[in-house]
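J.: Sharing a structure here in structure tokens format.
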Amino acid sequence: MPEVLAEKVESMEELARGVFRMRIKSGYIAEEARPGQFVNIKCGDGMEVILRRPISICSVDRDKGTFDVVFQVRGTGTALLAQKRAGDMVDFIGPLGKAFHMPENPGRIAVVGGGIGIFPLYFLLKELKGVSGDIFTGDAFLGFRDSASAIMLDDFRQLSGNVFISTDDGSMGFKGTIVQLFGEKAAANGYDLVYACGPAPMMKKVIELADRNGIKCQVSLEQRMGCGIGACLVCACKTKKEDGWEYKHVCKDGPVFWSGEIILED
Ligand SMILES: Cc1cc2nc3c(=O)[nH]c(=O)nc-3n(C[C@H](O)[C@H](O)[C@H](O)COP(=O)(O)OP(=O)(O)OC[C@H]3O[C@@H](n4cnc5c(N)ncnc54)[C@H](O)[C@@H]3O)c2cc1C
Ligand code: FES
């Protein structure tokens, strides 16, 4: 059940220029949150930030009662959030949204994320590894703008069999998009299930590749949000139903969907 909470920031760390990891003390989120879920954060006071901003839960520490979010400064809300320091209070609602499917026997897993899409996938890999232990060998496909923005690589390496990296400018790893790189490896690597997170056009391409290679697929959508709790329709997305389609809320019915459920436009 989501709760409205005001909790203390335990630490703030700048991982790359304009990208921050905020650790928040909250036994409730640490215990309740599942990979793919997010918190809706009140970033500051004033009309411009009256709407909370959705940020994925990137990891939890159940022993210490803390959770991490990693966010990139994009506009007013995230810029205000970046000014928080250890000891400050932060007001948020969570955990929100539907989590990723957690298979009992994961088989061959791939996660595919670009930019801010990698953060919920880290939590997912951590939980899958926690359940399956050393037999778990998921592969991570991580896409960045350039080498300076390539973060959390060691974190992913600790959890993944292989970490494949792409950058738009070729300054690290494969030159191109992470979906192109996934496309090159998908057939040969025999994945059973792929999880992806990113903007709708990217998710559409991952779904096409998964379909072509007979891989089950879940995607988490980065949709603009208003209320975050299913009350305003800002986050509507088209989903399939027997006799056509209907709108569902990404905040409440998602952000995670099975590939066969949704209709994504370019
Ligand atoms: C379920 C979910 C989980 C998210 N998790 C993370 C995360 O873990 N880390 C992170 O850095 N960001 C995450 N985002 C994106 C984050 O919510 C936006 O970057 C943030 O709301 C921007 O607020 P702002 O006030 O700083 O910028 P605004 O002034 O509101 O917007 C600035 C720019 O950011 C873009 N933007 C706004 N909202 C979104 C959005 N929802 N998705 C993508 N781009 C957006 C706008 O198009 C604009 O170009 C997530 C979004 C969703 C829906
Ligand atoms: S953000 Fe308001 S309904 Fe989803």
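Starting from 1 in every chain, residues are counted up; chains themselves are A, B, ... following the order of the structure tokens, and ligands are numbered from 1 as listed.
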Please find the residues contacting ligand 2 at a distance of at most 12 Å between atoms, with only C-alpha atoms and all ligand atoms counted, and report them as an NGL selection string.
T.: :A and (40 or 51-54 or 96-97 or 221-237 or 247-255)
J.: Write to file, as an mmCIF file, in the first residue's frame, the residues of the selection just made, with N, CA and C atoms.
T.:
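As written to disk, result21.cif reads:
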data_model
loop_
_atom_site.group_PDB
_atom_site.id
_atom_site.type_symbol
_atom_site.label_atom_id
_atom_site.label_comp_id
_atom_site.auth_asym_id
_atom_site.auth_seq_id
_atom_site.Cartn_x
_atom_site.Cartn_y
_atom_site.Cartn_z
ATOM 1 N N ASN A 40 6.751 9.061 -5.751
ATOM 2 C CA ASN A 40 6.375 10.348 -6.342
ATOM 3 C C ASN A 40 6.794 11.429 -5.351
ATOM 4 N N LEU A 51 3.196 19.611 -8.754
ATOM 5 C CA LEU A 51 3.054 18.181 -9.047
ATOM 6 C C LEU A 51 4.310 17.451 -8.581
ATOM 7 N N ARG A 52 4.091 16.325 -7.957
ATOM 8 C CA ARG A 52 5.231 15.497 -7.544
ATOM 9 C C ARG A 52 5.895 14.903 -8.793
ATOM 10 N N ARG A 53 7.164 14.520 -8.681
ATOM 11 C CA ARG A 53 7.901 13.936 -9.815
ATOM 12 C C ARG A 53 8.158 12.452 -9.536
ATOM 13 N N PRO A 54 7.834 11.578 -10.526
ATOM 14 C CA PRO A 54 8.058 10.144 -10.328
ATOM 15 C C PRO A 54 9.523 9.749 -10.510
ATOM 16 N N LEU A 96 4.740 3.108 -5.446
ATOM 17 C CA LEU A 96 3.654 3.231 -6.413
ATOM 18 C C LEU A 96 3.908 2.338 -7.632
ATOM 19 N N GLY A 97 2.813 1.977 -8.298
ATOM 20 C CA GLY A 97 2.893 1.273 -9.575
ATOM 21 C C GLY A 97 3.062 -0.233 -9.429
ATOM 22 N N LEU A 221 7.474 1.892 -18.758
ATOM 23 C CA LEU A 221 7.353 3.102 -19.590
ATOM 24 C C LEU A 221 7.683 4.365 -18.810
ATOM 25 N N GLU A 222 8.462 5.236 -19.458
ATOM 26 C CA GLU A 222 8.779 6.554 -18.870
ATOM 27 C C GLU A 222 7.764 7.562 -19.409
ATOM 28 N N GLN A 223 6.609 7.584 -18.827
ATOM 29 C CA GLN A 223 5.558 8.478 -19.307
ATOM 30 C C GLN A 223 5.518 9.727 -18.434
ATOM 31 N N ARG A 224 5.187 10.851 -19.010
ATOM 32 C CA ARG A 224 4.971 12.049 -18.162
ATOM 33 C C ARG A 224 3.792 11.777 -17.244
ATOM 34 N N MET A 225 3.877 12.246 -16.018
ATOM 35 C CA MET A 225 2.806 11.976 -15.053
ATOM 36 C C MET A 225 2.319 13.250 -14.382
ATOM 37 N N GLY A 226 1.071 13.196 -13.912
ATOM 38 C CA GLY A 226 0.523 14.283 -13.119
ATOM 39 C C GLY A 226 0.406 13.835 -11.681
ATOM 40 N N CYS A 227 -0.742 13.248 -11.364
ATOM 41 C CA CYS A 227 -1.016 12.887 -9.965
ATOM 42 C C CYS A 227 -0.209 11.665 -9.488
ATOM 43 N N GLY A 228 0.048 10.722 -10.389
ATOM 44 C CA GLY A 228 0.792 9.511 -10.022
ATOM 45 C C GLY A 228 -0.038 8.437 -9.339
ATOM 46 N N ILE A 229 -1.353 8.688 -9.178
ATOM 47 C CA ILE A 229 -2.188 7.716 -8.450
ATOM 48 C C ILE A 229 -3.466 7.339 -9.199
ATOM 49 N N GLY A 230 -3.509 7.615 -10.512
ATOM 50 C CA GLY A 230 -4.659 7.176 -11.291
ATOM 51 C C GLY A 230 -5.836 8.124 -11.312
ATOM 52 N N ALA A 231 -5.618 9.395 -10.968
ATOM 53 C CA ALA A 231 -6.766 10.303 -10.852
ATOM 54 C C ALA A 231 -6.851 11.375 -11.943
ATOM 55 N N CYS A 232 -5.826 11.514 -12.811
ATOM 56 C CA CYS A 232 -5.845 12.689 -13.700
ATOM 57 C C CYS A 232 -5.776 12.357 -15.202
ATOM 58 N N LEU A 233 -5.418 11.163 -15.600
ATOM 59 C CA LEU A 233 -5.336 10.723 -16.997
ATOM 60 C C LEU A 233 -4.146 11.272 -17.793
ATOM 61 N N VAL A 234 -3.240 12.031 -17.157
ATOM 62 C CA VAL A 234 -2.075 12.564 -17.874
ATOM 63 C C VAL A 234 -1.235 11.426 -18.468
ATOM 64 N N CYS A 235 -1.213 10.292 -17.771
ATOM 65 C CA CYS A 235 -0.287 9.220 -18.142
ATOM 66 C C CYS A 235 -0.936 8.122 -18.987
ATOM 67 N N ALA A 236 -2.083 8.426 -19.631
ATOM 68 C CA ALA A 236 -2.826 7.374 -20.347
ATOM 69 C C ALA A 236 -1.977 6.702 -21.426
ATOM 70 N N CYS A 237 -2.115 5.390 -21.547
ATOM 71 C CA CYS A 237 -1.487 4.683 -22.682
ATOM 72 C C CYS A 237 -2.477 3.642 -23.203
ATOM 73 N N TYR A 247 -7.769 2.795 -22.917
ATOM 74 C CA TYR A 247 -6.705 3.520 -22.228
ATOM 75 C C TYR A 247 -6.508 2.943 -20.840
ATOM 76 N N LYS A 248 -5.245 2.824 -20.435
ATOM 77 C CA LYS A 248 -4.932 2.499 -19.037
ATOM 78 C C LYS A 248 -3.965 3.548 -18.502
ATOM 79 N N HIS A 249 -3.821 3.578 -17.179
ATOM 80 C CA HIS A 249 -2.928 4.556 -16.561
ATOM 81 C C HIS A 249 -1.554 3.931 -16.356
ATOM 82 N N VAL A 250 -0.530 4.614 -16.871
ATOM 83 C CA VAL A 250 0.834 4.099 -16.666
ATOM 84 C C VAL A 250 1.184 4.117 -15.169
ATOM 85 N N CYS A 251 0.684 5.124 -14.441
ATOM 86 C CA CYS A 251 1.066 5.240 -13.017
ATOM 87 C C CYS A 251 0.471 4.120 -12.165
ATOM 88 N N LYS A 252 -0.728 3.682 -12.513
ATOM 89 C CA LYS A 252 -1.453 2.740 -11.645
ATOM 90 C C LYS A 252 -1.459 1.317 -12.233
ATOM 91 N N ASP A 253 -1.717 1.211 -13.542
ATOM 92 C CA ASP A 253 -1.741 -0.111 -14.193
ATOM 93 C C ASP A 253 -0.335 -0.522 -14.616
ATOM 94 N N GLY A 254 0.589 0.413 -14.700
ATOM 95 C CA GLY A 254 1.993 0.201 -15.034
ATOM 96 C C GLY A 254 2.817 0.714 -13.879
ATOM 97 N N PRO A 255 4.040 1.212 -14.061
ATOM 98 C CA PRO A 255 4.647 1.467 -15.374
ATOM 99 C C PRO A 255 5.098 0.209 -16.103
#
J.: When you look at Val111 (chain A) with a cut-off of 6 Å (counting only C-alpha atoms), what residues show up, excluding the ones that are within fewer than 4 positions of it in the same chain? I need them as a PyMOL selection string.
T.: chain A and resi 140-141+194-196
J.: Generate the output file for the selected residues, C-alpha atoms, as a PDB file, in the first residue's frame.
T.:
ATOM      1  CA  ALA A 140      22.713  -6.099 -18.732  1.00  0.00           C
ATOM      2  CA  PHE A 141      22.505  -3.857 -21.808  1.00  0.00           C
ATOM      3  CA  VAL A 194      13.903  -9.510 -21.434  1.00  0.00           C
ATOM      4  CA  TYR A 195      13.040  -6.546 -19.221  1.00  0.00           C
ATOM      5  CA  ALA A 196      13.416  -3.060 -20.658  1.00  0.00           C
TER       6      ALA A 196
END
J.: With only C-alpha atoms as the counted atoms, please give the residues lying no more than 8 Å from Val256 (chain A), apart from itself and same-chain residues fewer than 6 positions off, as a list in words.
T.: Gly36, Gly97, Lys98, Ala99, Phe100, Gln218, Val219, Ser220, Leu221 and Val250 of chain A
J.: Which chains and residue numbers are within 7 Å of ligand 1, counting only C-alpha atoms and all ligand atoms, if I want them as JSON, numbers by chain?
T.: {"A": [38, 49, 53, 54, 55, 56, 57, 58, 69, 70, 71, 72, 73, 74, 75, 76, 77, 78, 79, 116, 117, 119, 120, 199, 221, 222, 223, 224, 225, 251, 255]}
J.: Mind dumping the selected residues with N, CA and C atoms as a PDB file, in the first residue's frame?
T.:
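Output saved as result.pdb:
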ATOM      1  N   PHE A  38       7.924   2.915  -8.065  1.00  0.00           N
ATOM      2  CA  PHE A  38       8.539   4.245  -7.969  1.00  0.00           C
ATOM      3  C   PHE A  38       7.958   5.011  -6.793  1.00  0.00           C
ATOM      4  N   VAL A  49       6.370  23.404  -9.051  1.00  0.00           N
ATOM      5  CA  VAL A  49       6.625  22.029  -8.604  1.00  0.00           C
ATOM      6  C   VAL A  49       5.470  21.515  -7.738  1.00  0.00           C
ATOM      7  N   ARG A  53       7.164  14.520  -8.681  1.00  0.00           N
ATOM      8  CA  ARG A  53       7.901  13.936  -9.815  1.00  0.00           C
ATOM      9  C   ARG A  53       8.158  12.452  -9.536  1.00  0.00           C
ATOM     10  N   PRO A  54       7.834  11.578 -10.526  1.00  0.00           N
ATOM     11  CA  PRO A  54       8.058  10.144 -10.328  1.00  0.00           C
ATOM     12  C   PRO A  54       9.523   9.749 -10.510  1.00  0.00           C
ATOM     13  N   ILE A  55      10.072   9.030  -9.553  1.00  0.00           N
ATOM     14  CA  ILE A  55      11.456   8.537  -9.632  1.00  0.00           C
ATOM     15  C   ILE A  55      11.463   7.069  -9.193  1.00  0.00           C
ATOM     16  N   SER A  56      12.107   6.232  -9.987  1.00  0.00           N
ATOM     17  CA  SER A  56      12.135   4.786  -9.704  1.00  0.00           C
ATOM     18  C   SER A  56      12.937   4.479  -8.450  1.00  0.00           C
ATOM     19  N   ILE A  57      12.554   3.438  -7.787  1.00  0.00           N
ATOM     20  CA  ILE A  57      13.347   2.936  -6.658  1.00  0.00           C
ATOM     21  C   ILE A  57      14.503   2.128  -7.256  1.00  0.00           C
ATOM     22  N   CYS A  58      15.717   2.524  -6.933  1.00  0.00           N
ATOM     23  CA  CYS A  58      16.900   1.945  -7.580  1.00  0.00           C
ATOM     24  C   CYS A  58      17.480   0.803  -6.762  1.00  0.00           C
ATOM     25  N   VAL A  69      17.287   6.384  -4.627  1.00  0.00           N
ATOM     26  CA  VAL A  69      16.823   6.802  -5.949  1.00  0.00           C
ATOM     27  C   VAL A  69      18.011   7.451  -6.641  1.00  0.00           C
ATOM     28  N   VAL A  70      18.094   7.273  -7.951  1.00  0.00           N
ATOM     29  CA  VAL A  70      19.125   7.964  -8.731  1.00  0.00           C
ATOM     30  C   VAL A  70      18.387   8.795  -9.765  1.00  0.00           C
ATOM     31  N   PHE A  71      18.702  10.071  -9.831  1.00  0.00           N
ATOM     32  CA  PHE A  71      17.958  10.923 -10.762  1.00  0.00           C
ATOM     33  C   PHE A  71      18.887  11.876 -11.502  1.00  0.00           C
ATOM     34  N   GLN A  72      18.430  12.210 -12.698  1.00  0.00           N
ATOM     35  CA  GLN A  72      19.162  13.158 -13.541  1.00  0.00           C
ATOM     36  C   GLN A  72      18.427  14.489 -13.489  1.00  0.00           C
ATOM     37  N   VAL A  73      19.182  15.570 -13.356  1.00  0.00           N
ATOM     38  CA  VAL A  73      18.547  16.893 -13.359  1.00  0.00           C
ATOM     39  C   VAL A  73      18.069  17.190 -14.779  1.00  0.00           C
ATOM     40  N   ARG A  74      16.736  17.393 -14.899  1.00  0.00           N
ATOM     41  CA  ARG A  74      16.136  17.660 -16.205  1.00  0.00           C
ATOM     42  C   ARG A  74      15.515  19.057 -16.260  1.00  0.00           C
ATOM     43  N   GLY A  75      14.872  19.440 -15.159  1.00  0.00           N
ATOM     44  CA  GLY A  75      14.146  20.714 -15.124  1.00  0.00           C
ATOM     45  C   GLY A  75      14.051  21.199 -13.692  1.00  0.00           C
ATOM     46  N   THR A  76      13.034  22.014 -13.421  1.00  0.00           N
ATOM     47  CA  THR A  76      12.931  22.664 -12.115  1.00  0.00           C
ATOM     48  C   THR A  76      12.852  21.664 -10.961  1.00  0.00           C
ATOM     49  N   GLY A  77      12.019  20.643 -11.118  1.00  0.00           N
ATOM     50  CA  GLY A  77      11.786  19.709 -10.013  1.00  0.00           C
ATOM     51  C   GLY A  77      13.049  18.968  -9.615  1.00  0.00           C
ATOM     52  N   THR A  78      13.703  18.370 -10.583  1.00  0.00           N
ATOM     53  CA  THR A  78      14.901  17.584 -10.272  1.00  0.00           C
ATOM     54  C   THR A  78      16.064  18.500  -9.857  1.00  0.00           C
ATOM     55  N   ALA A  79      16.085  19.740 -10.354  1.00  0.00           N
ATOM     56  CA  ALA A  79      17.136  20.690  -9.918  1.00  0.00           C
ATOM     57  C   ALA A  79      16.946  21.019  -8.440  1.00  0.00           C
ATOM     58  N   ILE A 116      18.196   7.177 -17.959  1.00  0.00           N
ATOM     59  CA  ILE A 116      17.520   7.024 -16.665  1.00  0.00           C
ATOM     60  C   ILE A 116      16.767   5.690 -16.566  1.00  0.00           C
ATOM     61  N   GLY A 117      16.653   4.970 -17.671  1.00  0.00           N
ATOM     62  CA  GLY A 117      15.958   3.673 -17.670  1.00  0.00           C
ATOM     63  C   GLY A 117      16.738   2.564 -16.974  1.00  0.00           C
ATOM     64  N   PHE A 119      17.960   2.581 -13.924  1.00  0.00           N
ATOM     65  CA  PHE A 119      17.869   2.543 -12.455  1.00  0.00           C
ATOM     66  C   PHE A 119      16.905   1.480 -11.911  1.00  0.00           C
ATOM     67  N   PRO A 120      15.685   1.354 -12.443  1.00  0.00           N
ATOM     68  CA  PRO A 120      14.821   0.277 -11.920  1.00  0.00           C
ATOM     69  C   PRO A 120      15.348  -1.112 -12.258  1.00  0.00           C
ATOM     70  N   PRO A 199      11.896   5.302 -22.979  1.00  0.00           N
ATOM     71  CA  PRO A 199      10.786   5.973 -23.657  1.00  0.00           C
ATOM     72  C   PRO A 199      10.057   5.036 -24.627  1.00  0.00           C
ATOM     73  N   LEU A 221       7.474   1.892 -18.758  1.00  0.00           N
ATOM     74  CA  LEU A 221       7.353   3.102 -19.590  1.00  0.00           C
ATOM     75  C   LEU A 221       7.683   4.365 -18.810  1.00  0.00           C
ATOM     76  N   GLU A 222       8.462   5.236 -19.458  1.00  0.00           N
ATOM     77  CA  GLU A 222       8.779   6.554 -18.870  1.00  0.00           C
ATOM     78  C   GLU A 222       7.764   7.562 -19.409  1.00  0.00           C
ATOM     79  N   GLN A 223       6.609   7.584 -18.827  1.00  0.00           N
ATOM     80  CA  GLN A 223       5.558   8.478 -19.307  1.00  0.00           C
ATOM     81  C   GLN A 223       5.518   9.727 -18.434  1.00  0.00           C
ATOM     82  N   ARG A 224       5.187  10.851 -19.010  1.00  0.00           N
ATOM     83  CA  ARG A 224       4.971  12.049 -18.162  1.00  0.00           C
ATOM     84  C   ARG A 224       3.792  11.777 -17.244  1.00  0.00           C
ATOM     85  N   MET A 225       3.877  12.246 -16.018  1.00  0.00           N
ATOM     86  CA  MET A 225       2.806  11.976 -15.053  1.00  0.00           C
ATOM     87  C   MET A 225       2.319  13.250 -14.382  1.00  0.00           C
ATOM     88  N   CYS A 251       0.684   5.124 -14.441  1.00  0.00           N
ATOM     89  CA  CYS A 251       1.066   5.240 -13.017  1.00  0.00           C
ATOM     90  C   CYS A 251       0.471   4.120 -12.165  1.00  0.00           C
ATOM     91  N   PRO A 255       4.040   1.212 -14.061  1.00  0.00           N
ATOM     92  CA  PRO A 255       4.647   1.467 -15.374  1.00  0.00           C
ATOM     93  C   PRO A 255       5.098   0.209 -16.103  1.00  0.00           C
TER      94      PRO A 255
END
J.: Let me make sure I understand: among A:Ile93, A:Ala33, A:Val112, A:Ala210, which one has the smallest atom-to-atom distance to Arg62 (chain A) if we use only C-alpha atoms?
T.: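 With only C-alpha atoms as the atom set, the closest residue is A:Ala33.
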J.: Smallest atom-to-atom distance to Gly107 (chain A): which of A:Arg17, A:Lys216, A:Arg157, A:Lys175, using only C-alpha atoms?
T.: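 Ranking A:Arg17, A:Lys216, A:Arg157, A:Lys175 by distance to Gly107 (chain A), first place goes to A:Lys216.
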J.: What does the structure give for the distance between CA of Met203 (chain A) and CA of Gly183 (chain A), in Å to one decimal?
T.: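 Computing it gives 12.7 Å between the two atoms.
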J.: With a distance cut-off of 6 Å and only C-alpha atoms, select the neighbouring residues of region 169-174 of chain A, excluding the residue or stretch itself and same-chain residues fewer than 2 positions from it, and output the selection as a VMD selection string.
T.: chain A and resid 146 to 147 165 to 167
J.: Save the residues we just selected, C-alpha atoms, as a PDB file, in the first residue's frame?
T.:
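Result written to part.pdb:
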ATOM      1  CA  ASP A 146      28.755   9.307 -23.809  1.00  0.00           C
ATOM      2  CA  SER A 147      31.442   7.831 -21.539  1.00  0.00           C
ATOM      3  CA  ILE A 165      27.525  -0.871 -23.064  1.00  0.00           C
ATOM      4  CA  SER A 166      26.643   1.487 -25.857  1.00  0.00           C
ATOM      5  CA  THR A 167      27.191   5.224 -26.231  1.00  0.00           C
TER       6      THR A 167
END
J.: Need the shell around Pro106 (chain A): protein/DNA/RNA residues with any atom at most 9 Å away, counting only C-alpha atoms. Skip same-chain ones fewer than 2 positions apart. Format as number ranges by chain?
T.: A: 102-104, 108-109, 128, 132, 136, 138, 192-193
J.: How many Å separate CA of Gly115 (chain A) from CA of Asp61 (chain A)?
T.: 23.4 Å
J.: Pick out each residue of region 149-236 of chain A that DSSP on the backbone tags as strand (DSSP E or B); I need them as an MDAnalysis selection string.
T.: chainID A and resid 163:167 174:175 193:198 216:221 236
J.: Have a look at A:Gly27, A:Pro95, A:Gly214, A:Gly244 and name the one nearest to Ser259 (chain A); count only C-alpha atoms.
T.: A:Gly214
J.: From the set A:Ile263, A:Ala186, A:Val60, A:Leu5, which residue has the shortest atom-to-atom contact distance to Gly94 (chain A), counting only C-alpha atoms?
T.: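 Smallest distance to Gly94 (chain A) is found for A:Leu5.
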J.: Based on the backbone DSSP call, show me all residues of region 85-211 of chain A assigned alpha helix (DSSP H), as a VMD selection string.
T.: chain A and resid 118 to 132 153 to 159 178 to 189 200 to 211
J.: Ranking A:Phe164, A:Phe67, A:Phe144, A:Phe20 by minimum distance to Glu32 (chain A) and counting only C-alpha atoms, which one comes first?
T.: A:Phe67
J.: I'd like the neighbourhood of Gly87 (chain A) as a list in words, where a residue qualifies if any of its atoms comes within 9 Å (using only C-alpha atoms), though same-chain residues fewer than 6 positions away should be ignored.
T.: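 That gives Lys8, Val9, Glu10 and Ser11 of chain A.
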J.: Once you have the residues from the selection above, write them out as a short mmCIF file (atom, residue, chain, number, x, y, z; two decimals), in the first residue's frame, restricted to C-alpha atoms.
T.:
data_model
loop_
_atom_site.label_atom_id
_atom_site.label_comp_id
_atom_site.auth_asym_id
_atom_site.auth_seq_id
_atom_site.Cartn_x
_atom_site.Cartn_y
_atom_site.Cartn_z
CA LYS A 8 15.28 11.98 6.20
CA VAL A 9 17.86 12.11 3.41
CA GLU A 10 20.74 9.97 4.59
CA SER A 11 23.24 10.84 1.85
#
J.: So which residues touch Gly113 (chain A) within 8 Å, counting only C-alpha atoms, skipping near sequence neighbours fewer than 6 positions away, as a list in words?
T.: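 Surrounding residues, per the criterion: Leu121, Phe141, Leu142, Gly143, Ile178, Ala196, Cys197 and Gly198 of chain A.
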J.: Could you jot down the CA of Ile41 (chain A) to CA of Val90 (chain A) separation for me, Å, one decimal place?
T.: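 According to the coordinates, CA of Ile41 (chain A) and CA of Val90 (chain A) are separated by 7.5 Å.
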J.: Smallest atom-to-atom distance to Val131 (chain A): which of A:Ile118, A:Asn105, A:Val206, A:Leu153, using only C-alpha atoms?
T.: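 For Val131 (chain A), the nearest of the given residues is A:Asn105.
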